[in-house]
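Everything below concerns the one structure shown next.
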Amino acid sequence: MNNGINEFINMHGEKKYAEIVILEYNFDKIFHYCIPQDLKDRISLGSRVTIPFRGKVTTGCVVGFLAESDVKNLKDIRQITDRKPILTPQVIRLTKWISNYYLCSWEKILNYAIPKTRRAWLNKFDITDISPQKPPRLPEDDKSSDNEIIFSAEEVKEKTLLKDIENIINNKKFKTVLIRGNDFSSRMKIYLRCIRKTLKEGRQAIVLAPTESHLSELAGLLEKEFKDNMVVFDEKIDQKAKYQKWIKIRNSQVNIALGMRSSIFVPFDRLGLIIVEREHSSLYKEERSPRYNAREVALKRAELENIPLILSSETPSVESYWNVHENNFLEEELNTGEERENLLKKTIIDMTQEKSKKKIISYELQQAISRSLKNKRQVVLFLNKRGFSSFMICSQCGHIPKCPDCNTSLSYHLDIQKRAQLICHNCGKRAKVTDVCAKCGSKEIRPLGMGTQKLESEIKKMFTRAEIRRLDRDSLIKDDDYRQILEEFNQGNTDILIGTQMVLKGVDFNNVDLIGIISADTLLNLPDYRSGEKTFQLLSEVISSFREISFPKEVIIQTFNPEDHCIVALREQDYNYFYQKEIELRKELDYPPFTHIIKIVILGEEKEAVKQRAEYLISYLEFLRKDKESAEFKLLGAVDMVLWKSRNDFKVQFLVKVKDLEKFNQAFKKKYDKMLSKHFDQKNRLTIDVDPVRMI
DNA sequence: AGCACGCCGACT
DNA sequence: GTCGGCGTGCTC
């Protein structure tokens, strides 16, 4: 198994030629160089080298070895930059896989994985090549003679799943465990034990978290035991500090790395375990090039390194859960006890049954808020839409005013003088509000849906004596506002907090006994095959904000779609129900995980130029369709090509649906480079997103 | 990305 | 005949 990496050494045991990816130019090509005799012993996969190229000296990264080359007049490698390679052979293999899977150049992903190094740092913080350290001494080393035990007999008796995890960790082979559940402290206990065990074996661990706050939560807990044995790559880290931490890793001075998505590339050479916390998070997807998903890359790295992988989530991604059945992932459930469930009431309000269609707050929710206020408890009202109102609709003919450039519905906003205005969130175009429908002429046109602003004014009218605060992007003017609104609420000075996703971060729900989800529909109706999954995940997270429940609490969900499987699954807190219904839909409509989607976007300032390039791209894909080496695929969005306006650019988007991604990519790559340089540049850009997390 | 090469039209 | 326009292709 060589994964397309040439490590072949000729019969004299000599590495004669090196395959090199040039790091300073964006060519998707491998160059061959001779390895001078004096460098032979020190060069390896992942070594950075200086090489003559086009009459200049440039740097490259060694990605393979050859005994023979059919290229004539090969030049010599000048020198090796780092004393020990900055990347490990396994990470080189990983980046190769990424460049094929995500259709980006090898150079791009290599440069992304390697911290930006200044020449000066190279001498200052070099790799000292400390010979493999003895694993750090742990308290148990002295006590337990049987080092095969991770969990005690008592613990295993209580939760038999621990035995399975123990076996997998002890086995030290590639195997994925998906832990599903909301019990953070049990999950944490498993992480701790597994890491401890891994270190004891003299191996290393990577822990990924999706956001800065989840990262610091994990780091805080792990630091108690492993402070001197770990590095944390937090959000604000600069290139220099990042490089220093890499050197520590490379020198085996630390054996645990914590970070967000990019930490999946850290160069441990005795990696023994990867943990991906909240694996469902869309933040694992890099939304700029290279557009990889760290969860998928973690899976690939675990496979390449042949080590266990732990994925965990309260609401696993449909892809991962599907893998439980298809690829023999081990699934374990870890949920908090039933006492919690008995004190937590979940109510779904069918808004189609409300008498007044214009009302935002149902009668039941209004009553529940009154009850909370009387009991001196706090209320959080959740809405995932900013602005005043989402769009206008004519109740006579159903017409929705749309932006002529973007074909998206215009948002209804109030300006500072409280004058109504329509704004296109895509391109920023503004339009006047009309009181007559442009299509049928009726006067029954009015705003539908709502934002936090409108909700706030409604609530203020309803509960005149309550302290009400709003927490969303728009309400934050000064940097300090966020902290202040939180502090007021957490000290109990606020009765009702209205907010978007932001309330999930930093709000203390201890004294809250009511969460009202104003409209489950806004997210559910997005034009995205994942909208159901996203709704279920987000609202589950909202409900989980109630961590400790010592008195009765209630969640009220208002929706126009009470029968939707996501809503039903939320009420029953039944992941399996959600998954079964969702996977049926995906299968029926040929969506992931049954196919892959590739999002192709063309952007440019001139409308005609964009259109022309889009047509060229379509013809390239049609040409591919005839290629016997390519895979079958569907092309969406090409027949009635829509040009959108996005900021200053015109934009065209296609979706390719393909089952055999590997085969398709191989054929696609053949002339991709040529097409790119011939038809696209800074003015007319082409972006390709494999397995996108957002459709628009 | 640059830079050479080459094929073509315009010009002292 | 020769200068320079840019489209095409190569760089180990």
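Following the order of the structure tokens, chains are lettered A, B, ..., residues in each are numbered from 1, and ligands are numbered from 1.
What chain A places within 10 Å of chain B, counting only C-alpha atoms (C1' of nucleotides), is Glu24, Tyr25, Asn26, Phe27 and Arg54 of chain A.
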Determine which residues of chain A sit within 7 Å of chain C, taking into account only C-alpha atoms (C1' of nucleotides), and present them as a list in words. Phe31, His32, Tyr33, Arg54, Leu74 and Lys75 of chain A
DSSP on the backbone, then: every residue of segment 553-692 of chain A marked strand (DSSP E), written as a PyMOL selection string. chain A and resi 553-559+596-604+633-636+643-646+649-658+684-690
Taken to one decimal, the atom CA of Asp590 of chain A-atom CA of Val177 of chain A distance is 26.6 Å
Could you pull out the alpha helix (DSSP H) residues of segment 189-285 of chain A, going by DSSP on the backbone, and write them as number ranges by chain? A: 189-200, 212-226, 239-250
